[in-house]
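Q: What follows is the file target-v4.tsv, containing TSV, C-alpha atoms and all ligand atoms:
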chain	number	residue	atom	x	y	z
I	6	MET	CA	0.00	0.00	0.00
I	7	LYS	CA	1.31	3.44	-0.88
I	8	HIS	CA	0.99	5.97	1.90
I	9	PHE	CA	2.03	9.62	1.55
I	10	ILE	CA	3.22	10.58	5.02
I	11	ASP	CA	6.73	11.99	4.66
I	12	LEU	CA	8.85	12.67	1.56
I	13	LYS	CA	11.64	10.73	3.30
I	14	ASP	CA	9.74	7.48	2.80
I	15	ILE	CA	8.97	7.92	-0.89
I	16	LYS	CA	11.40	6.97	-3.61
I	17	ILE	CA	12.68	9.89	-5.72
I	18	LYS	CA	11.62	7.95	-8.80
I	19	ASP	CA	8.02	8.02	-7.54
I	20	LEU	CA	8.17	11.68	-6.53
I	21	LYS	CA	9.33	12.56	-10.05
I	22	ARG	CA	6.60	10.39	-11.57
I	23	ILE	CA	4.02	12.28	-9.52
I	24	ILE	CA	5.34	15.62	-10.80
I	25	LEU	CA	5.38	14.40	-14.38
I	26	ASP	CA	1.80	13.10	-14.10
I	27	ALA	CA	0.71	16.46	-12.62
I	28	LYS	CA	2.27	18.29	-15.58
I	29	LYS	CA	0.32	16.16	-18.03
I	30	ARG	CA	-2.91	16.50	-16.06
I	31	LYS	CA	-2.58	20.27	-15.77
I	32	LYS	CA	-2.20	20.57	-19.55
I	33	MET	CA	-5.32	18.48	-20.10
I	34	ARG	CA	-7.46	20.79	-17.90
I	35	ASN	CA	-7.19	23.80	-20.25
I	36	LYS	CA	-10.68	23.59	-21.65
I	37	LEU	CA	-12.44	21.86	-18.77
I	38	ASN	CA	-14.70	23.40	-16.15
I	39	THR	CA	-13.89	23.13	-12.45
I	40	LEU	CA	-15.82	19.95	-11.76
I	41	GLU	CA	-15.51	18.25	-15.12
I	42	VAL	CA	-13.87	14.86	-14.84
I	43	ASP	CA	-10.51	14.03	-16.45
I	44	LYS	CA	-10.58	11.78	-19.49
I	45	GLY	CA	-10.92	8.13	-18.49
I	46	SER	CA	-12.26	9.02	-15.03
I	47	PRO	CA	-9.29	7.25	-13.41
I	48	LEU	CA	-10.57	7.22	-9.82
I	49	LYS	CA	-14.20	6.59	-10.68
I	50	GLY	CA	-16.14	5.34	-7.68
I	51	LYS	CA	-13.36	6.01	-5.16
I	52	LEU	CA	-14.02	7.80	-1.89
I	53	LEU	CA	-11.41	9.97	-0.19
I	54	ILE	CA	-12.20	10.64	3.47
I	55	GLN	CA	-10.61	13.86	4.73
I	56	MET	CA	-10.24	14.69	8.41
I	57	PHE	CA	-9.09	18.04	9.76
I	58	GLU	CA	-8.06	18.64	13.34
I	59	LYS	CA	-6.68	22.04	12.36
I	60	SER	CA	-7.82	24.83	10.05
I	61	SER	CA	-7.36	24.53	6.32
I	62	LEU	CA	-8.50	26.34	3.20
I	63	ARG	CA	-6.18	25.24	0.37
I	64	THR	CA	-5.54	21.63	1.37
I	65	ARG	CA	-9.22	20.99	1.91
I	66	LEU	CA	-10.34	22.53	-1.38
I	67	SER	CA	-7.50	21.17	-3.48
I	68	PHE	CA	-8.14	17.60	-2.35
I	69	TYR	CA	-11.86	18.12	-2.93
I	70	LEU	CA	-11.26	19.25	-6.50
I	71	ALA	CA	-8.54	16.65	-7.04
I	72	ILE	CA	-10.66	13.61	-6.24
I	73	LYS	CA	-13.70	15.06	-8.04
I	74	GLN	CA	-11.70	15.75	-11.22
I	75	LEU	CA	-10.46	12.17	-11.13
I	76	GLY	CA	-14.03	10.89	-11.01
I	77	GLY	CA	-14.27	10.07	-7.30
I	78	GLY	CA	-15.86	11.73	-4.29
I	79	THR	CA	-14.94	12.98	-0.85
I	80	ILE	CA	-16.38	13.61	2.57
I	81	THR	CA	-14.79	15.87	5.15
I	82	LEU	CA	-14.87	14.93	8.82
I	83	ARG	CA	-14.09	17.11	11.80
I	84	SER	CA	-12.56	14.94	14.48
I	85	ASN	CA	-14.44	16.70	17.29
I	86	GLU	CA	-17.69	15.49	15.75
I	87	LEU	CA	-16.54	11.87	15.84
I	88	HIS	CA	-16.49	9.52	18.83
I	89	LEU	CA	-12.71	9.47	18.39
I	90	GLY	CA	-12.45	13.20	19.09
I	91	GLN	CA	-14.51	12.84	22.27
I	92	GLY	CA	-12.36	9.97	23.56
I	93	GLY	CA	-15.26	7.57	22.90
I	94	GLU	CA	-13.62	5.36	20.25
I	95	SER	CA	-10.12	4.10	19.60
I	96	ILE	CA	-7.95	4.92	16.59
I	97	ALA	CA	-7.86	1.20	15.80
I	98	ASP	CA	-11.66	0.92	15.54
I	99	THR	CA	-12.02	4.26	13.76
I	100	ALA	CA	-9.38	3.19	11.24
I	101	LYS	CA	-11.20	-0.09	10.65
I	102	ILE	CA	-14.41	1.78	9.84
I	103	LEU	CA	-12.64	4.32	7.63
I	104	SER	CA	-11.09	1.42	5.73
I	105	THR	CA	-14.48	-0.28	5.36
I	106	TYR	CA	-16.28	2.77	3.99
I	107	GLY	CA	-13.53	4.63	2.16
I	108	ASP	CA	-10.65	4.10	-0.25
I	109	GLY	CA	-8.19	6.71	1.02
I	110	PHE	CA	-7.75	8.86	4.12
I	111	MET	CA	-6.27	12.36	4.27
I	112	LEU	CA	-5.44	13.60	7.76
I	113	ARG	CA	-4.37	17.01	9.06
I	114	THR	CA	-3.41	16.75	12.69
I	115	ASP	CA	-1.36	18.13	15.55
I	116	SER	CA	0.11	14.72	16.30
I	117	ASP	CA	2.65	12.73	14.28
I	118	GLU	CA	1.94	9.83	16.61
I	119	LYS	CA	-1.68	9.89	15.46
I	120	VAL	CA	-0.63	9.72	11.80
I	121	ASN	CA	1.51	6.67	12.58
I	122	ASN	CA	-1.22	5.02	14.62
I	123	PHE	CA	-3.72	5.48	11.82
I	124	LYS	CA	-1.18	4.05	9.40
I	125	LYS	CA	-0.83	1.00	11.64
I	126	TYR	CA	-4.54	0.21	11.63
I	127	LEU	CA	-5.76	1.42	8.24
I	128	THR	CA	-5.99	-0.92	5.30
I	129	ILE	CA	-6.31	2.03	2.91
I	130	PRO	CA	-3.63	4.64	2.06
I	131	ILE	CA	-3.14	7.60	4.37
I	132	ILE	CA	-2.01	11.04	3.20
I	133	ASN	CA	-0.45	13.53	5.60
I	134	GLY	CA	-2.20	16.82	4.95
I	135	LEU	CA	0.10	18.62	7.46
I	136	SER	CA	1.44	17.42	10.79
I	137	PRO	CA	3.85	19.03	13.25
I	138	SER	CA	6.83	17.42	11.53
I	139	SER	CA	6.02	17.87	7.86
I	140	HIS	CA	3.79	19.18	5.07
I	141	PRO	CA	4.77	16.88	2.20
I	142	THR	CA	1.92	17.56	-0.22
I	143	GLN	CA	2.67	21.29	-0.05
I	144	VAL	CA	6.37	20.95	-0.75
I	145	LEU	CA	5.99	18.47	-3.60
I	146	SER	CA	3.57	20.89	-5.21
I	147	ASP	CA	6.02	23.74	-4.62
I	148	ILE	CA	8.71	21.84	-6.50
I	149	PHE	CA	6.24	21.48	-9.36
I	150	THR	CA	5.67	25.26	-9.30
I	151	VAL	CA	9.37	26.11	-9.16
I	152	GLU	CA	10.13	23.89	-12.16
I	153	GLU	CA	7.12	25.22	-14.05
I	154	ILE	CA	8.18	28.84	-13.60
I	155	LYS	CA	11.94	28.37	-13.94
I	156	LYS	CA	11.60	25.82	-16.75
I	157	LYS	CA	14.45	23.75	-15.39
I	158	SER	CA	15.09	21.04	-12.87
I	159	ILE	CA	15.12	22.24	-9.27
I	160	SER	CA	18.47	20.49	-8.89
I	161	LYS	CA	19.99	23.35	-10.89
I	162	LEU	CA	18.62	26.10	-8.66
I	163	ASN	CA	19.54	27.89	-5.45
I	164	ILE	CA	16.64	27.67	-3.06
I	165	CYS	CA	16.40	29.94	-0.05
I	166	TRP	CA	14.08	29.79	2.96
I	167	ILE	CA	13.68	32.82	5.18
I	168	GLY	CA	11.56	32.16	8.23
I	169	ASP	CA	10.58	29.78	10.96
I	170	SER	CA	11.88	26.21	11.18
I	171	ASN	CA	8.56	24.51	10.90
I	172	ASN	CA	6.78	21.59	9.19
I	173	VAL	CA	7.03	23.16	5.72
I	174	LEU	CA	10.75	23.78	6.09
I	175	ASN	CA	11.28	20.21	7.33
I	176	SER	CA	9.70	18.93	4.15
I	177	LEU	CA	11.78	21.36	2.08
I	178	ILE	CA	14.95	20.05	3.74
I	179	THR	CA	13.86	16.50	3.01
I	180	ALA	CA	13.12	17.50	-0.59
I	181	SER	CA	16.57	19.09	-0.93
I	182	VAL	CA	18.06	15.67	-0.24
I	183	LYS	CA	15.64	13.80	-2.49
I	184	PHE	CA	15.80	16.25	-5.41
I	185	SER	CA	19.42	17.35	-4.83
I	186	PHE	CA	19.01	21.10	-4.73
I	187	ARG	CA	21.02	23.70	-2.85
I	188	LEU	CA	19.18	25.03	0.19
I	189	LYS	CA	20.11	28.03	2.29
I	190	ILE	CA	18.09	28.92	5.36
I	191	GLY	CA	17.90	32.28	7.08
I	192	CYS	CA	16.45	32.26	10.61
I	193	PRO	CA	17.30	33.47	14.10
I	194	LYS	CA	19.70	31.20	16.01
I	195	LYS	CA	17.03	30.26	18.51
I	196	PHE	CA	14.70	29.04	15.75
I	197	GLN	CA	17.02	26.87	13.69
I	198	PRO	CA	15.83	23.50	12.36
I	199	LYS	CA	15.85	20.59	14.79
I	200	LYS	CA	19.05	18.56	15.01
I	201	SER	CA	17.15	15.40	14.02
I	202	ILE	CA	16.32	16.81	10.57
I	203	THR	CA	19.72	18.37	9.84
I	204	ALA	CA	21.42	15.18	11.08
I	205	TRP	CA	19.24	13.16	8.68
I	206	ALA	CA	20.28	15.46	5.82
I	207	LYS	CA	23.94	15.13	6.82
I	208	LYS	CA	23.66	11.36	6.97
I	209	ASN	CA	22.40	11.57	3.40
I	210	ASN	CA	25.45	13.62	2.37
I	211	LYS	CA	23.60	16.91	2.20
I	212	LYS	CA	24.97	20.14	3.56
I	213	ILE	CA	22.23	22.58	4.53
I	214	HIS	CA	23.50	26.14	4.94
I	215	ILE	CA	21.96	27.93	7.90
I	216	TYR	CA	22.53	31.64	8.58
I	217	ASP	CA	21.24	33.92	11.28
I	218	ASN	CA	21.45	36.71	8.71
I	219	PRO	CA	18.72	36.77	6.03
I	220	LYS	CA	20.93	38.60	3.53
I	221	LYS	CA	23.55	35.87	3.56
I	222	ALA	CA	20.87	33.27	2.99
I	223	ALA	CA	19.39	35.24	0.08
I	224	ILE	CA	22.65	35.68	-1.86
I	225	ASP	CA	22.26	34.31	-5.40
I	226	ALA	CA	18.88	32.78	-4.67
I	227	ASP	CA	16.66	31.70	-7.58
I	228	VAL	CA	13.69	31.23	-5.25
I	229	ILE	CA	12.91	32.68	-1.84
I	230	PHE	CA	10.36	30.76	0.20
I	231	SER	CA	8.72	31.76	3.41
I	232	ASP	CA	5.89	30.85	5.78
I	233	LYS	CA	4.21	32.35	8.83
I	234	VAL	CA	6.37	32.92	11.87
I	235	ILE	CA	3.55	31.60	14.03
I	236	SER	CA	2.10	28.31	12.77
I	237	ILE	CA	-1.39	27.04	13.61
I	238	ASN	CA	-1.53	26.04	17.30
I	239	ASP	CA	2.09	27.16	17.80
I	240	LYS	CA	2.48	27.07	21.57
I	241	VAL	CA	5.07	29.81	21.92
I	242	ASN	CA	5.20	33.27	23.32
I	243	LYS	CA	3.98	34.92	20.13
I	244	ILE	CA	5.21	38.40	20.99
I	245	LYS	CA	8.74	37.23	21.79
I	246	LYS	CA	8.89	35.06	18.69
I	247	LYS	CA	7.79	37.89	16.43
I	248	ILE	CA	10.44	40.15	17.96
I	249	ALA	CA	13.09	37.48	17.28
I	250	PHE	CA	12.09	37.54	13.61
I	251	LYS	CA	11.92	41.32	13.20
I	252	ASP	CA	15.08	41.45	11.03
I	253	PHE	CA	13.92	38.56	8.86
I	254	LYS	CA	11.13	40.33	7.04
I	255	ILE	CA	11.09	39.65	3.32
I	256	ASN	CA	11.09	42.99	1.55
I	257	LYS	CA	12.34	44.46	-1.69
I	258	LYS	CA	15.77	45.21	-0.19
I	259	LEU	CA	16.34	41.56	0.56
I	260	PHE	CA	15.71	40.72	-3.08
I	261	ASN	CA	18.71	42.88	-4.04
I	262	PHE	CA	20.91	40.07	-2.70
I	263	ALA	CA	19.19	37.41	-4.76
I	264	LYS	CA	19.43	36.80	-8.51
I	265	LYS	CA	17.64	39.37	-10.68
I	266	ASP	CA	14.97	36.89	-11.71
I	267	CYS	CA	14.49	35.45	-8.23
I	268	ILE	CA	10.88	34.55	-7.46
I	269	PHE	CA	8.95	34.56	-4.19
I	270	LEU	CA	6.80	31.64	-3.00
I	271	HIS	CA	4.73	31.19	0.16
I	272	CYS	CA	2.45	28.30	1.05
I	273	LEU	CA	-0.14	30.65	2.62
I	274	PRO	CA	-1.76	31.80	4.77
I	275	ARG	CA	0.62	34.71	5.29
I	276	GLY	CA	1.39	36.80	8.36
I	277	ASP	CA	3.59	39.86	8.46
I	278	GLU	CA	6.83	38.02	7.56
I	279	VAL	CA	6.62	39.46	4.03
I	280	SER	CA	5.91	43.00	2.86
I	281	ASP	CA	2.82	43.62	0.72
I	282	GLU	CA	5.14	45.04	-1.90
I	283	VAL	CA	6.86	41.66	-2.33
I	284	PHE	CA	3.83	39.47	-1.72
I	285	LEU	CA	1.71	41.34	-4.28
I	286	GLY	CA	4.61	42.29	-6.54
I	287	ASN	CA	5.76	40.82	-9.85
I	288	LYS	CA	8.31	38.44	-8.30
I	289	SER	CA	5.59	36.72	-6.31
I	290	HIS	CA	3.90	33.62	-7.76
I	291	VAL	CA	1.89	32.66	-4.71
I	292	TRP	CA	-1.49	32.36	-6.45
I	293	GLN	CA	-0.10	30.10	-9.17
I	294	GLN	CA	1.58	28.12	-6.37
I	295	ALA	CA	-1.73	27.69	-4.54
I	296	SER	CA	-3.65	26.69	-7.66
I	297	ASN	CA	-1.03	24.10	-8.62
I	298	ARG	CA	-1.85	22.17	-5.49
I	299	VAL	CA	-4.93	20.77	-7.21
I	300	HIS	CA	-2.87	19.26	-10.02
I	301	VAL	CA	-0.28	17.76	-7.70
I	302	GLN	CA	-2.84	16.42	-5.21
I	303	LYS	CA	-4.41	14.57	-8.15
I	304	SER	CA	-1.17	12.83	-8.98
I	305	ILE	CA	-0.54	12.08	-5.30
I	306	LEU	CA	-3.97	10.43	-5.20
I	307	MET	CA	-3.15	8.47	-8.37
I	308	TYR	CA	0.06	7.29	-6.69
I	309	CYS	CA	-1.69	6.29	-3.46
I	310	PHE	CA	-4.45	4.48	-5.33
I	311	GLY	CA	-1.86	2.55	-7.33
I	312	LYS	CA	-2.94	4.11	-10.64
I	313	LEU	CA	0.11	6.15	-11.54
I	314	ARG	CA	1.69	4.99	-14.77
F	401	LIG	N1	-0.88	25.90	2.47
F	401	LIG	C1	-1.84	25.23	3.10
F	401	LIG	O1	-1.69	24.03	3.45
F	401	LIG	O2	-2.97	25.93	3.29
F	401	LIG	P1	-4.20	25.52	4.21
F	401	LIG	O3	-3.68	25.52	5.64
F	401	LIG	O4	-5.23	26.58	3.98
F	401	LIG	O5	-4.66	24.15	3.81
F	402	LIG	N1	3.52	26.12	9.02
F	402	LIG	C1	2.14	26.39	8.83
F	402	LIG	C2	1.70	25.92	7.49
F	402	LIG	C3	0.27	26.21	7.16
F	402	LIG	C4	-0.12	25.71	5.82
F	402	LIG	C5	1.33	25.73	9.93
F	402	LIG	O1	1.64	24.62	10.34
F	402	LIG	O2	0.40	26.36	10.38
I need this file expressed as structure tokens, please.
A:
Amino acid sequence: MKHFIDLKDIKIKDLKRIILDAKKRKKMRNKLNTLEVDKGSPLKGKLLIQMFEKSSLRTRLSFYLAIKQLGGGTITLRSNELHLGQGGESIADTAKILSTYGDGFMLRTDSDEKVNNFKKYLTIPIINGLSPSSHPTQVLSDIFTVEEIKKKSISKLNICWIGDSNNVLNSLITASVKFSFRLKIGCPKKFQPKKSITAWAKKNNKKIHIYDNPKKAAIDADVIFSDKVISINDKVNKIKKKIAFKDFKINKKLFNFAKKDCIFLHCLPRGDEVSDEVFLGNKSHVWQQASNRVHVQKSILMYCFGKLR
């Protein structure tokens, strides 16, 4: 069974196949309306169950459109409306029922342990739609967007991350190993990536460059990525954390250190880590980035359902 939990666990050959499939599918959508089904209706009759324990706009909608455009259907559950969320039913029994009624399960949760427990008991594929440790569907889609805009393999580009060391960055670090691209990170010393993730990269012969100076991180960048300083349910002193990041704001000046044609990407939602001038300016491709998630989710579903050719 093919789960999609962490990019670490997925072969690079499969990740590239997913991107290639998404490219083909995107091209085929040119003349189709939002809910029209792709030729051949490849996931006809399949049900994707989605469960959110945290807020979501893009992930929820992109998976909805993805499964619909492949000919299947979806239902969205809120865990607090289930017995599970009230402590009235185990993960094991819930997983058994999900596997009986559905064909795939997408989970957004505050607990990596929960993702792994579901994986243990499900007999259908599970997709991680964001957990504390990673956001793999986002980052795979971002690689698709980078290659689409830059028209070259990401392995030939300098990627820069300015911001918090969070789930999205963890997946970007993992992707830098899998896709062999150069990654420079700019963040305050106190908010550097966890040792476990940098040690994993090192073990895989990857040097990640980390600077506590955003300008150094931005030098020669082809792409600058960022994300909110405060993630959903981040249990930190928000005021202190924002102060720690005050010199890490992404503005026009920072782009002077990057390559002339450097682009800006952000998974959204945004906070005040980026100026409006950059976010809404001509270097920003954030809306294209968000819309591409539909195409990549489709190919992730094809992979999980064993239909990717
Ligand atoms: N980028 C992203 O995952 O957005 P949502 O939290 O709205 O799903
Ligand atoms: N790092 C953010 C990503 C949101 C899509 C969070 O976890 O809230």
Q: Compare I:Tyr308, I:Tyr126, I:Phe253, I:Phe57 by their minimum atom-to-atom distance to ligand LIG 401 (chain F), counting all atoms listed in the file, and give me the closest one.
A: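 Smallest distance to ligand LIG 401 (chain F) is found for I:Phe57.
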Q: Skip I:Gly109 itself and residues of its chain fewer than 4 positions away, then list as a list in words all residues within 6 Å of it, counting all atoms listed in the file.
A: Leu53, Ile129 and Pro130 of chain I
Q: Return the single residue from I:Ser61, I:Ser95, I:Thr150, I:Asn122 that is closest to ligand LIG 402 (chain F), with distances computed using all atoms listed in the file.
A: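 Residue with the minimum atom-to-atom distance to ligand LIG 402 (chain F): I:Ser61.
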Q: Around all the atoms of ligand LIG 402 (chain F) listed in the file, with 5 Å of room on each side, what axis-aligned box do you get, giving centre and edge lengths in Å to one decimal, as lines of an AutoDock Vina configuration file?
A:
center_x = 1.7
center_y = 25.5
center_z = 8.1
size_x = 13.6
size_y = 11.8
size_z = 14.6
Q: Quick one: residues within 12 Å of I:Tyr106, only C-alpha atoms counted, chain neighbours fewer than 3 positions away excluded, as a list in words?
A: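 The residues that qualify are Gly50, Lys51, Leu52, Leu53, Ile54, Thr79, Ile80, Thr99, Ala100, Lys101, Ile102, Leu103, Gly109, Phe110, Leu127, Thr128 and Ile129 of chain I.
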